[in-house]
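Working notes, beginning with the structure itself.
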Amino acid sequence: MQEKGLTLIGQEQNVYPVLRHVSIAEKFPGRFVVREHTADTRVLYALDRGEGYALIETGMLAQVGWTNEQLHQYAMDNLQKLPYTVKTQEVAGNRIHFISPPDGYAASRILLDSLLRRFDQEKRGDSLGVAIPHQDVLIVADMTGEVGANLLARLTYDFASKGQVPIAVLPFFWEDGELTPFLVVSHDKDSKPNNK
């Protein structure tokens with residue numbers, strides 16, 4: 001439940017976007033400020049409290065007089081300023097990048113178009129895969145063929161099953177700013193990723 005007395009007045013520097021599975025918006029229709037993202041995910045917004053955060057409800061937005069777009073802009077500006085590091089592992093010719101800073105907004109970096117464009121420009125493989133299994137990690141995969149797609153699909157499922165708040169069990173292809181979820185339909189050597 002939301003704390004009583006929370007306000008956004010004077011809190012422009014403390015709001016951030018967070019990713020959630022679409023089910024939260026369906027379970028609490030109209031309660032939270034929600035922005036479309038993919039078929040399976042939504043962007044919600046958090047008021048950072050230092051030791052944690054509270055999801056921003058529509059009433060809080062009305063109270064401070066911000067539009068949804070103003071809130072989104074404040075949140076994105078703040079996200080852009082957060083530092084992060086990238087850990088990279090190479091597996092079977094695929095480079096897997098993990099972004100997992102301890103700030104609670106790791107998965108939110110999927111919204112940073114410039115970050116994904118940089119990974120895309122530096123990729124050596126055929127395609128760029130992205131996964132947000134839970135809020136505390138963003139996985140970016142420089143993938144080669146079916147092996148890369150299979151690897152990212154397995155990693156995504158594994159991370160989602162261990163996260164406290166799973167977001168998306170399916171990874172995405174990223175191309176020119178577009179995210180397309182994909183499902184690996186079998187695990188034999190002829191398996192091919194299928195667009196959802």
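Within each chain, counting starts at residue 1; across the structure tokens, chains are named A, B, ... in the order shown, with ligands numbered 1 upward in that order.
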Test item, alpha helix (DSSP H) assignment across region 73-145 of chain A, answer as a ChimeraX atom specification: /A:73-81,113-122,145
Determine, for each residue of region 22-128 of chain A having at least one atom at most 10 Å from an atom of region 143-160 of chain A, the closest pair of atoms and their separation in Å to one decimal, counting only C-alpha atoms; order by chain and ascending number, as CSV.
residue,atom,partner,partner_atom,distance
A:Val91,CA,A:Leu151,CA,8.5
A:Ala92,CA,A:Val147,CA,7.8
A:Gly93,CA,A:Thr144,CA,7.1
A:Asn94,CA,A:Met143,CA,5.2
A:Arg95,CA,A:Met143,CA,6.9
A:Ile96,CA,A:Met143,CA,8.1
A:Lys123,CA,A:Met143,CA,8.2
A:Arg124,CA,A:Met143,CA,8.0
A:Gly125,CA,A:Thr144,CA,4.6
A:Asp126,CA,A:Thr144,CA,5.2
A:Ser127,CA,A:Met143,CA,5.3
A:Leu128,CA,A:Met143,CA,5.9
Atom-to-atom span, CA of Leu19 (chain A) and CA of Ile132 (chain A), Å: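 Calculated distance between CA of Leu19 (chain A) and CA of Ile132 (chain A) is 8.3 Å.
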Selection: 12 Å around Gln121 (chain A), only C-alpha atoms, excl. self and same-chain fewer than 6 positions, as number ranges by chain: A: 114-115, 127-128, 142, 174-176
Of the listed residues A:Pro166, A:Gln11, A:Thr85, A:Asn68, that which approaches Phe32 (chain A) most closely, counting only C-alpha atoms: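 Ranked by minimum distance to Phe32 (chain A), first place goes to A:Asn68.
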From A:Gln13, A:Ser161, A:Ser23, A:Thr180, residue lying nearest Asp77 (chain A) [only C-alpha atoms]: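 Using only C-alpha atoms, the shortest distance to Asp77 (chain A) belongs to A:Gln13.
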Option closest in space to Phe172 (chain A), from A:Pro17, A:Val86, A:Gln80, A:Pro133 [counting only C-alpha atoms]: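 Distance minimum relative to Phe172 (chain A) lands on A:Pro133.
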Interatomic distance, CA of Trp66 (chain A) to CA of Gly50 (chain A) (Å, one decimal):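 Computed distance, CA of Trp66 (chain A) to CA of Gly50 (chain A), equals 22.4 Å.
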DSSP strand (DSSP E or B) selection over region 8-186 of chain A, as a count of residues only: 58
Selection near Tyr45 (chain A), 7 Å with only C-alpha atoms, sequence-local residues under 3 positions removed, as a list in words: Val15, Tyr16, Pro17, Val18, Val33, Leu55 and Ile56 of chain A
Preceding selection exported with all heavy atoms as an mmCIF file, in the first residue's frame:
data_model
loop_
_atom_site.group_PDB
_atom_site.id
_atom_site.type_symbol
_atom_site.label_atom_id
_atom_site.label_comp_id
_atom_site.auth_asym_id
_atom_site.auth_seq_id
_atom_site.Cartn_x
_atom_site.Cartn_y
_atom_site.Cartn_z
ATOM 1 N N VAL A 15 12.411 11.785 -9.069
ATOM 2 C CA VAL A 15 11.496 10.875 -9.771
ATOM 3 C C VAL A 15 12.258 10.131 -10.870
ATOM 4 O O VAL A 15 13.142 10.697 -11.520
ATOM 5 C CB VAL A 15 10.264 11.617 -10.348
ATOM 6 C CG1 VAL A 15 9.414 12.192 -9.217
ATOM 7 C CG2 VAL A 15 10.654 12.708 -11.338
ATOM 8 N N TYR A 16 11.918 8.856 -11.025
ATOM 9 C CA TYR A 16 12.591 7.999 -11.994
ATOM 10 C C TYR A 16 11.570 7.076 -12.657
ATOM 11 O O TYR A 16 10.569 6.714 -12.041
ATOM 12 C CB TYR A 16 13.661 7.131 -11.306
ATOM 13 C CG TYR A 16 14.809 7.935 -10.759
ATOM 14 C CD1 TYR A 16 14.788 8.404 -9.453
ATOM 15 C CD2 TYR A 16 15.911 8.246 -11.560
ATOM 16 C CE1 TYR A 16 15.837 9.175 -8.951
ATOM 17 C CE2 TYR A 16 16.961 9.011 -11.063
ATOM 18 C CZ TYR A 16 16.918 9.463 -9.761
ATOM 19 O OH TYR A 16 17.949 10.230 -9.284
ATOM 20 N N PRO A 17 11.864 6.652 -13.897
ATOM 21 C CA PRO A 17 10.988 5.649 -14.520
ATOM 22 C C PRO A 17 11.360 4.255 -14.025
ATOM 23 O O PRO A 17 12.537 3.973 -13.764
ATOM 24 C CB PRO A 17 11.316 5.804 -16.011
ATOM 25 C CG PRO A 17 12.747 6.268 -16.034
ATOM 26 C CD PRO A 17 12.951 7.077 -14.779
ATOM 27 N N VAL A 18 10.362 3.392 -13.876
ATOM 28 C CA VAL A 18 10.610 1.984 -13.563
ATOM 29 C C VAL A 18 9.777 1.129 -14.515
ATOM 30 O O VAL A 18 8.721 1.546 -14.964
ATOM 31 C CB VAL A 18 10.281 1.615 -12.091
ATOM 32 C CG1 VAL A 18 11.277 2.255 -11.136
ATOM 33 C CG2 VAL A 18 8.858 1.995 -11.713
ATOM 34 N N VAL A 33 0.497 6.227 -12.499
ATOM 35 C CA VAL A 33 0.808 6.912 -13.757
ATOM 36 C C VAL A 33 1.539 5.891 -14.623
ATOM 37 O O VAL A 33 2.578 5.362 -14.227
ATOM 38 C CB VAL A 33 1.687 8.154 -13.525
ATOM 39 C CG1 VAL A 33 1.951 8.849 -14.860
ATOM 40 C CG2 VAL A 33 1.036 9.104 -12.529
ATOM 41 N N LEU A 55 5.818 3.986 -5.829
ATOM 42 C CA LEU A 55 5.264 4.205 -7.168
ATOM 43 C C LEU A 55 4.349 5.423 -7.146
ATOM 44 O O LEU A 55 3.576 5.617 -6.200
ATOM 45 C CB LEU A 55 4.501 2.961 -7.642
ATOM 46 C CG LEU A 55 5.365 1.727 -7.915
ATOM 47 C CD1 LEU A 55 4.485 0.536 -8.297
ATOM 48 C CD2 LEU A 55 6.395 1.998 -9.005
ATOM 49 N N ILE A 56 4.443 6.233 -8.178
ATOM 50 C CA ILE A 56 3.676 7.482 -8.243
ATOM 51 C C ILE A 56 2.258 7.189 -8.718
ATOM 52 O O ILE A 56 2.047 6.590 -9.774
ATOM 53 C CB ILE A 56 4.388 8.502 -9.154
ATOM 54 C CG1 ILE A 56 5.718 8.910 -8.494
ATOM 55 C CG2 ILE A 56 3.504 9.715 -9.416
ATOM 56 C CD1 ILE A 56 6.606 9.799 -9.335
#
Counting only C-alpha atoms, the option among A:Ile99, A:Val185, A:Val165, A:Leu116 closest to Ile139 (chain A):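 Looking at the shortest contact to Ile139 (chain A), the residue is A:Ile99.
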Between CA of Val137 (chain A) and CA of Thr7 (chain A) - distance in Å to one decimal: 28.3 Å
Near Gln164 (chain A), counting only C-alpha atoms, which residues have an atom at most 10 Å away, once you skip same-chain residues fewer than 5 positions from it, shown as a short mmCIF file (atom, residue, chain, number, x, y, z; two decimals) with N, CA and C atoms, in the first residue's frame?
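The result, stored in around-v6.cif:
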data_model
loop_
_atom_site.label_atom_id
_atom_site.label_comp_id
_atom_site.auth_asym_id
_atom_site.auth_seq_id
_atom_site.Cartn_x
_atom_site.Cartn_y
_atom_site.Cartn_z
N HIS A 134 14.21 -8.44 -14.58
CA HIS A 134 13.71 -7.78 -13.38
C HIS A 134 14.36 -6.41 -13.27
N GLN A 135 13.88 -5.59 -12.32
CA GLN A 135 14.28 -4.18 -12.27
C GLN A 135 15.76 -3.96 -12.00
N ASP A 136 16.45 -4.96 -11.44
CA ASP A 136 17.84 -4.74 -11.03
C ASP A 136 18.89 -5.16 -12.05
N PHE A 159 17.18 -15.29 -15.05
CA PHE A 159 17.20 -14.09 -14.21
C PHE A 159 15.80 -13.73 -13.73
#
With only C-alpha atoms as the counted atoms, please give the residues lying no more than 7 Å from region 37-42 of chain A, apart from itself and same-chain residues fewer than 2 positions off, as a PDB file with N, CA and C atoms, in the first residue's frame.
ATOM      1  N   LEU A  19      10.286  -0.053 -14.823  1.00  0.00           N
ATOM      2  CA  LEU A  19       9.578  -0.964 -15.718  1.00  0.00           C
ATOM      3  C   LEU A  19       8.810  -1.980 -14.895  1.00  0.00           C
ATOM      4  N   ARG A  20       7.631  -2.326 -15.356  1.00  0.00           N
ATOM      5  CA  ARG A  20       6.823  -3.354 -14.715  1.00  0.00           C
ATOM      6  C   ARG A  20       6.133  -4.190 -15.794  1.00  0.00           C
ATOM      7  N   HIS A  21       5.772  -5.409 -15.422  1.00  0.00           N
ATOM      8  CA  HIS A  21       4.967  -6.240 -16.314  1.00  0.00           C
ATOM      9  C   HIS A  21       3.602  -5.573 -16.461  1.00  0.00           C
ATOM     10  N   VAL A  22       2.990  -5.744 -17.619  1.00  0.00           N
ATOM     11  CA  VAL A  22       1.713  -5.098 -17.925  1.00  0.00           C
ATOM     12  C   VAL A  22       0.617  -5.457 -16.909  1.00  0.00           C
ATOM     13  N   VAL A  34       0.989   5.603 -15.797  1.00  0.00           N
ATOM     14  CA  VAL A  34       1.495   4.525 -16.653  1.00  0.00           C
ATOM     15  C   VAL A  34       1.746   5.057 -18.056  1.00  0.00           C
ATOM     16  N   ARG A  35       2.832   4.586 -18.675  1.00  0.00           N
ATOM     17  CA  ARG A  35       3.139   4.931 -20.071  1.00  0.00           C
ATOM     18  C   ARG A  35       3.339   3.638 -20.835  1.00  0.00           C
ATOM     19  N   LEU A  44       6.218   2.767 -15.341  1.00  0.00           N
ATOM     20  CA  LEU A  44       5.602   3.453 -14.218  1.00  0.00           C
ATOM     21  C   LEU A  44       6.645   4.429 -13.690  1.00  0.00           C
ATOM     22  N   ALA A 168       9.925  -9.104 -17.494  1.00  0.00           N
ATOM     23  CA  ALA A 168       9.646  -9.758 -18.781  1.00  0.00           C
ATOM     24  C   ALA A 168      10.488 -11.024 -18.908  1.00  0.00           C
TER      25      ALA A 168
END
Among the residues A:Leu47, A:Ile167, A:Met60, A:Leu138, the one that comes closest to Asn78 (chain A) [using only C-alpha atoms]: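 So, comparing all the options, the nearest one is A:Leu47.
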